[in-house]
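In what follows, a single structure is set out as structure tokens and then discussed.
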Amino acid sequence: MSVEAKTKLLVYLSIIGIILSFFTQKIGMGELYPFFHWKLYSQPAAKDSLYCVQSIVIINEGKAEPFLNNGSRISKEEYFYTGNQLYQDYVEFGNDSLLKIRVTEFGQYISPDADCYRLVKDCYDPIAYSKGNRVHKSELIITTCD
Amino acid sequence: MIKRLKNMISPELSQEENSNEVYNFQWARKILFAITPVWLIYYCVEFFLRINRPQTLYFNKHWFGDLFAAEKPPLWLFTFVVIFGSIVSLTYFSRSSFIQRLICLFSVLWVNSVIWTTGHSAHVAHVLIYLHLFTLFIPKDVSVKNVTAIRWSYFGLFITYTFSGLWKVIGLSYKFFITGEEMNWFHPEAALRNAVSGHIDSGVSFERVAFLFEYPWVWQVLFPIMMCLQIFNFSGAFNPSLRPWIVIGNISFHVVNSIVFLISFWFTPILLVVAFFPYHRLRSSS
């Protein structure tokens with residue numbers, strides 16, 4: 001087989017991989033071929049929908065403290081990504097005790113001295129947000145402050 | 001008509017144009033193998049910063065990860081892959097074999113797949129991985145007889161963008177004809193909503209880019225241009241005169257995404273420049 005034929009074969013396999021990955025993703029089997037997480041594919045959210053993020057809130061002496069990125073532990077990107085992943089797994093498997101363990105572990109990882117942690121879902125109206133209105137609807141998903 | 005179209009996508013090229021292609025490829029590849037260790041070491045630092053991240057927060061996304069890094073690897077293993085991959089990458093300058101290139105590809109993909117689980121800069125290495133993947137079979141001593149294989153390797157990379165363009169067309173058609181949803185990429189608020197969500201995700205103040213959305217029509221015009229550019233990316237593979245425009249378009253796409261929508265692609269434009277810089281122009285001017 002020539003170099004050209006082998007390279008061509010790689011490209012064909014890659015295309016098949018992309019198409020199959022679309023379906024393996026859809027049925028919840030993950031990506032067959034690393035492709036859909038390259039962030040090249042986005043669709044805008046529906047007109048009336050709010051934009052929601054799930055994140056960990058740190059609780060100290062009964063008061064919620066904002067997550068401060070002091071650069072030593074975790075980037076904001078990782079902070080929101082992890083909160084979102086915890087929530088998505090929870091929606092998929094509905095396992096309360098596992099979520100609690102994960103929230104505790106993640107909380108201790110980013111802020112070990114806090115009393116306890118909450119996983120919350122904050123929903124924003126993107127248009128209001130763009131005009132400086134940061135008011136959002138907050139929903140508690142789970143708390144470790146029992 | 002069909003002949004003209006075929007000629008545009010894959011024109012007959014002179015001997016000189018073919019040898020320029022080979023020359024450019026050789027230089028691009030040298031730089032690729034020189035910067036691969038830089039990337040691996042950068043990711044090693046990122047891994048080190050996350051050494052205490054609990055195992056329960058290891059979110060694998062694809063089958064390669066399931067197969068080769070199903071659990072968070074220990075620091076020694078990660079460091080070993082980085083050092084070994086870096087040394088093997090640099091051996092390109094003495095000799096290169098299929099195995100050498102395969103080890104480099106594996107190291108880059110494995111390291112990326114581990115860092116991917118944290119969500120940190122998960123997506124910025126796609127060009128690096130595809131450049132290693134599609135040039136796997138192309139020998140170090142390339143000659144004009146390998147020029148079609150080189151172009152096929154470009155095709156493999158560009159088709160990724162073509163698929164992302166088609167993805168948007170499918171999304172648009174689905175919304176137009178099936179769900180009847182009002183929000184699609186032509187909607188005046190679409191770009192704004194996307195930019196806001198990017199800023200919320202990154203915790204960055206939106207004011208820095210708010211002025212860019214005062215005229216929504218700008219984004220309504222830019223979107224179809226960008227979609228066409230993505231769909232026709234494949235045409236840059238076999239036509240060297242179209243290629244610079246496609247690459248400039250892709251770089252602009254990544255830069256705008258990084259600055260305005262905060263989908264950071266900081267490494268991607270550098271790699272696109274490395275892979276497609278017209279090195280032969282420097283040769284002729286010197």
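For the structure tokens, the naming scheme is as follows: chains receive sequential letters (A, B, ...) according to their order of presentation, residues are indexed from 1 within each chain, and ligands are indexed from 1 in presentation order.
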Using only C-alpha atoms, which residues of chain B come within 7 Å of chain A, and what is the closest atom pair for each, with the distance in Å to one decimal? Give it as a tab-separated table, sorted by chain and residue number.
```
residue	atom	partner	partner_atom	distance
B:Leu49	CA	A:Arg73	CA	6.8
B:Asn52	CA	A:Tyr109	CA	7.0
B:Arg53	CA	A:Tyr109	CA	6.3
B:Pro54	CA	A:Glu105	CA	6.6
B:Thr56	CA	A:Arg102	CA	6.4
B:Lys61	CA	A:Gly30	CA	5.8
B:His62	CA	A:Glu31	CA	4.3
B:Trp63	CA	A:Leu32	CA	5.2
B:Thr118	CA	A:Glu78	CA	6.1
B:Gly119	CA	A:Glu78	CA	5.3
B:His120	CA	A:Glu78	CA	5.4
B:His123	CA	A:Trp38	CA	4.4
B:His126	CA	A:Trp38	CA	6.5
B:Phe134	CA	A:Thr7	CA	6.3
B:Phe137	CA	A:Val3	CA	5.9
B:Ile138	CA	A:Val3	CA	6.1
B:Asn146	CA	A:Glu4	CA	6.9
B:Thr148	CA	A:Glu4	CA	6.4
B:Ala149	CA	A:Glu4	CA	4.2
B:Trp152	CA	A:Lys8	CA	6.1
B:Ser153	CA	A:Thr7	CA	6.5
B:Gly156	CA	A:Val11	CA	5.0
B:Ser164	CA	A:Tyr41	CA	5.6
B:Trp167	CA	A:Tyr41	CA	6.8
B:Glu181	CA	A:Ala46	CA	6.9
B:Glu182	CA	A:Lys47	CA	6.4
B:Met183	CA	A:Ala46	CA	5.1
B:Asn184	CA	A:Pro44	CA	6.1
B:Trp185	CA	A:Pro44	CA	6.6
B:Ala190	CA	A:Pro44	CA	5.6
B:Arg193	CA	A:Pro126	CA	5.6
B:Asn194	CA	A:Pro44	CA	6.0
B:Val196	CA	A:Pro126	CA	5.9
B:Ser197	CA	A:Tyr51	CA	6.6
B:Asp201	CA	A:Phe80	CA	6.2
B:Ser202	CA	A:Glu77	CA	5.4
B:Gly203	CA	A:Lys76	CA	6.5
B:Phe206	CA	A:Ser130	CA	6.6
B:Ala210	CA	A:Ser130	CA	6.9
```
Task: Close residues, Ser97 in chain A itself excluded, 12 Å, only C-alpha atoms, min 6 positions apart in chain, as a list of chain:residue names - done: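 Residues near the query, excluding close chain neighbours: A:Tyr90, A:Val103, A:Thr104, A:Ile142, A:Thr143, A:Thr144.
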Open item on the list: I need the alpha helix (DSSP H) residues of chain A per DSSP on the backbone, written as JSON, numbers by chain.
Closed with: {"A": [3, 4, 5, 6, 7, 8, 9, 10, 11, 12, 13, 14, 15, 16, 17, 18, 19, 20, 21, 22, 23, 24, 25, 26, 76, 77, 78, 79, 80, 81, 82, 83, 84, 85, 86, 87, 88, 89, 90, 91, 92, 93, 96, 97, 98, 99, 100, 101, 102, 103, 104, 105, 106, 107, 108, 109, 110, 126, 127, 128, 129, 130]}
Open item on the list: So that I can see what lies close to range 235-251 of chain B, please list as a ChimeraX atom specification the residues with an atom at most 6 Å from it, counting only C-alpha atoms and leaving out residues fewer than 4 positions away in the same chain.
Closed with: /B:9-10,151,154-155,269
Task: DSSP strand (DSSP E) selection over chain A, as a PyMOL selection string - done: chain A and resi 51-60+63-65+116-124+136-143
- [ ] Tell me, in Å to one decimal, how far CA of Trp116 in chain B is from CA of Asp66 in chain B.
- [x]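 The value is 12.3 Å.
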